[in-house]
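Enquirer: Quick one: the structure is below, questions incoming.
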Amino acid sequence: MKKMTLVCAALAAVLAFTGCSKSKVEINSLADLAGKKIGVQAGTTGEAWVQDNVEGAQIASFKSGMDAALDLKNRAIDAVVLDELPAKAIVERNPELTIIHDSEFANNKEAYAIAVKKGNSELLASINNTISSMKKNGEYEALVDAFMPADGNIKIPAAEGTSGSKVVKLGTNAAFPPFEYVEGKNIVGFDITMGQKIAKNAGLRLEVVDMAFDSLIPALQSGTIDFIAAGMSVNEDRKKNVDFSETYFESEQVIIVRKSR
């Protein structure tokens with residue numbers, strides 16, 4: 001009996017050391033995130049929101065939402081905070097996970113826009129003209145229907161051919177469906193098709209450059225890329241470093257958790 005007691009004590013010590021627990025983690029709203037292990041995508045507004053608003057949060061930053069979701073499935077973290085549409089794509093592929101909406105997020109939606117280097121007014125005007133034109137002539141609505149269909153069956157439009165003696169480089173993070181992601185050998189998505197239209201209207205040849213999300217603004221500032229189309233939310237901190245186009249989409253943050261058993 002004494003030996004069994006010692007074994008149990010040793011096992012309890014191991015569980016405590018590794019952070020595992022028999023206690024069930026219940027997360028049903030933002031209020032339940034306090035003190036929890038929360039996964040976020042590095043450099044995103046979700047990461048900033050958790051840092052600023054969740055008391056005692058143990059934040060784990062990942063290169064992509066899917067990487068965070070894998071750690072959630074493996075019980076290394078308790079929840080993931082991510083933009084709604086990429087979160088939906090993750091949950092569709094991982095049925096043991098589910099999404100929680102919160103009125104705090106729903107009432108404070110984020111505006112997506114395209115970013116250019118500070119002072120690049122010529123490119124910014126061209127981008128705004130394309131966005132405005134797409135909204136007027138029905139191309140924008142068609143793009144929404146293609147990548148965000150009601151039935152969930154995405155139909156990737158044929159690539160817009162771009163040509164010209166000058167290359168314009170679109171920086172993105174191809175891990176954010178349906179805005180940018182890898183399909184076969186190609187980077188596709190809502191933002192990529194929009195980028196193709198921007199380049200075509202400007203008479204430029206488009207090159208897509210994939211990189212970590214938190215590297216995009218430094219790359220723009222250094223001239224490695226010419227504009228960012230990556231489901232990037234407009235906020236005051238980013239506006240200090242880049243110039244934003246007009247808004248082309250609104251989204252909200254959500255919480256991904258494991259389904260209750």
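Chains: A, B, ... in order of the structure tokens. Residues: from 1 per chain. Ligands: from 1, in order shown.
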Segment 158-203 of chain A: which residues are strand (DSSP E or B) by DSSP, as a PyMOL selection string?
Expert: chain A and resi 167-172+175-176+180-183+186-188
Enquirer: Kindly save the residues from that selection, with N, CA and C atoms included, as a compact mmCIF listing (two decimals), in the first residue's frame.
Expert:
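The file below, again_20.txt, is the result:
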# COMPACT_ATOMS: atom_id res chain seq x y z
N VAL A 167 7.52 44.94 -62.32
CA VAL A 167 6.91 43.99 -61.39
C VAL A 167 6.41 44.72 -60.15
N VAL A 168 5.23 44.34 -59.67
CA VAL A 168 4.74 44.82 -58.38
C VAL A 168 4.61 43.60 -57.47
N LYS A 169 5.18 43.71 -56.27
CA LYS A 169 5.24 42.57 -55.37
C LYS A 169 4.19 42.67 -54.27
N LEU A 170 3.34 41.64 -54.23
CA LEU A 170 2.30 41.53 -53.22
C LEU A 170 2.83 40.65 -52.09
N GLY A 171 2.90 41.20 -50.89
CA GLY A 171 3.32 40.42 -49.72
C GLY A 171 2.11 39.85 -49.01
N THR A 172 2.17 38.58 -48.66
CA THR A 172 1.05 37.94 -47.98
C THR A 172 1.54 36.84 -47.06
N ALA A 175 -1.56 31.46 -45.13
CA ALA A 175 -2.07 30.52 -44.13
C ALA A 175 -3.32 31.11 -43.48
N PHE A 176 -4.13 31.78 -44.31
CA PHE A 176 -5.25 32.56 -43.79
C PHE A 176 -6.45 32.43 -44.72
N GLU A 180 -5.98 34.03 -48.24
CA GLU A 180 -4.76 33.58 -48.90
C GLU A 180 -4.35 32.23 -48.32
N TYR A 181 -4.14 31.27 -49.21
CA TYR A 181 -3.77 29.93 -48.78
C TYR A 181 -3.19 29.18 -49.97
N VAL A 182 -2.61 28.03 -49.70
CA VAL A 182 -1.97 27.24 -50.75
C VAL A 182 -2.94 26.17 -51.23
N GLU A 183 -3.13 26.10 -52.54
CA GLU A 183 -3.96 25.08 -53.17
C GLU A 183 -3.10 24.42 -54.24
N ASN A 186 -0.10 26.42 -55.91
CA ASN A 186 -0.39 27.84 -56.10
C ASN A 186 -0.90 28.51 -54.83
N ILE A 187 -0.57 29.77 -54.68
CA ILE A 187 -1.14 30.59 -53.62
C ILE A 187 -2.40 31.25 -54.19
N VAL A 188 -3.53 31.00 -53.57
CA VAL A 188 -4.81 31.51 -54.05
C VAL A 188 -5.53 32.20 -52.91
Enquirer: Neighbours of Pro177 of chain A within 8 Å (only C-alpha atoms; same-chain residues fewer than 5 positions away dropped), as a PyMOL selection string?
Expert: chain A and resi 85-86+89+189
Enquirer: In segment 63-239 of chain A, what's alpha helix (DSSP H) per DSSP? Answer as JSON, numbers by chain?
Expert: {"A": [65, 66, 67, 68, 69, 70, 71, 72, 73, 84, 85, 86, 87, 88, 89, 90, 91, 92, 93, 103, 104, 105, 106, 121, 122, 123, 124, 125, 126, 127, 128, 129, 130, 131, 132, 133, 134, 135, 136, 137, 139, 140, 141, 142, 143, 144, 145, 146, 147, 190, 191, 192, 193, 194, 195, 196, 197, 198, 199, 200, 201, 202, 216, 217, 218, 219, 220, 221, 222, 236, 237, 238, 239]}
Enquirer: With distances taken over only C-alpha atoms, which residue among A:Ala115, A:Ala69, A:Val208, A:Val257 lies nearest Lys240 of chain A?
Expert: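 Under the stated criterion, the closest residue is A:Ala115.
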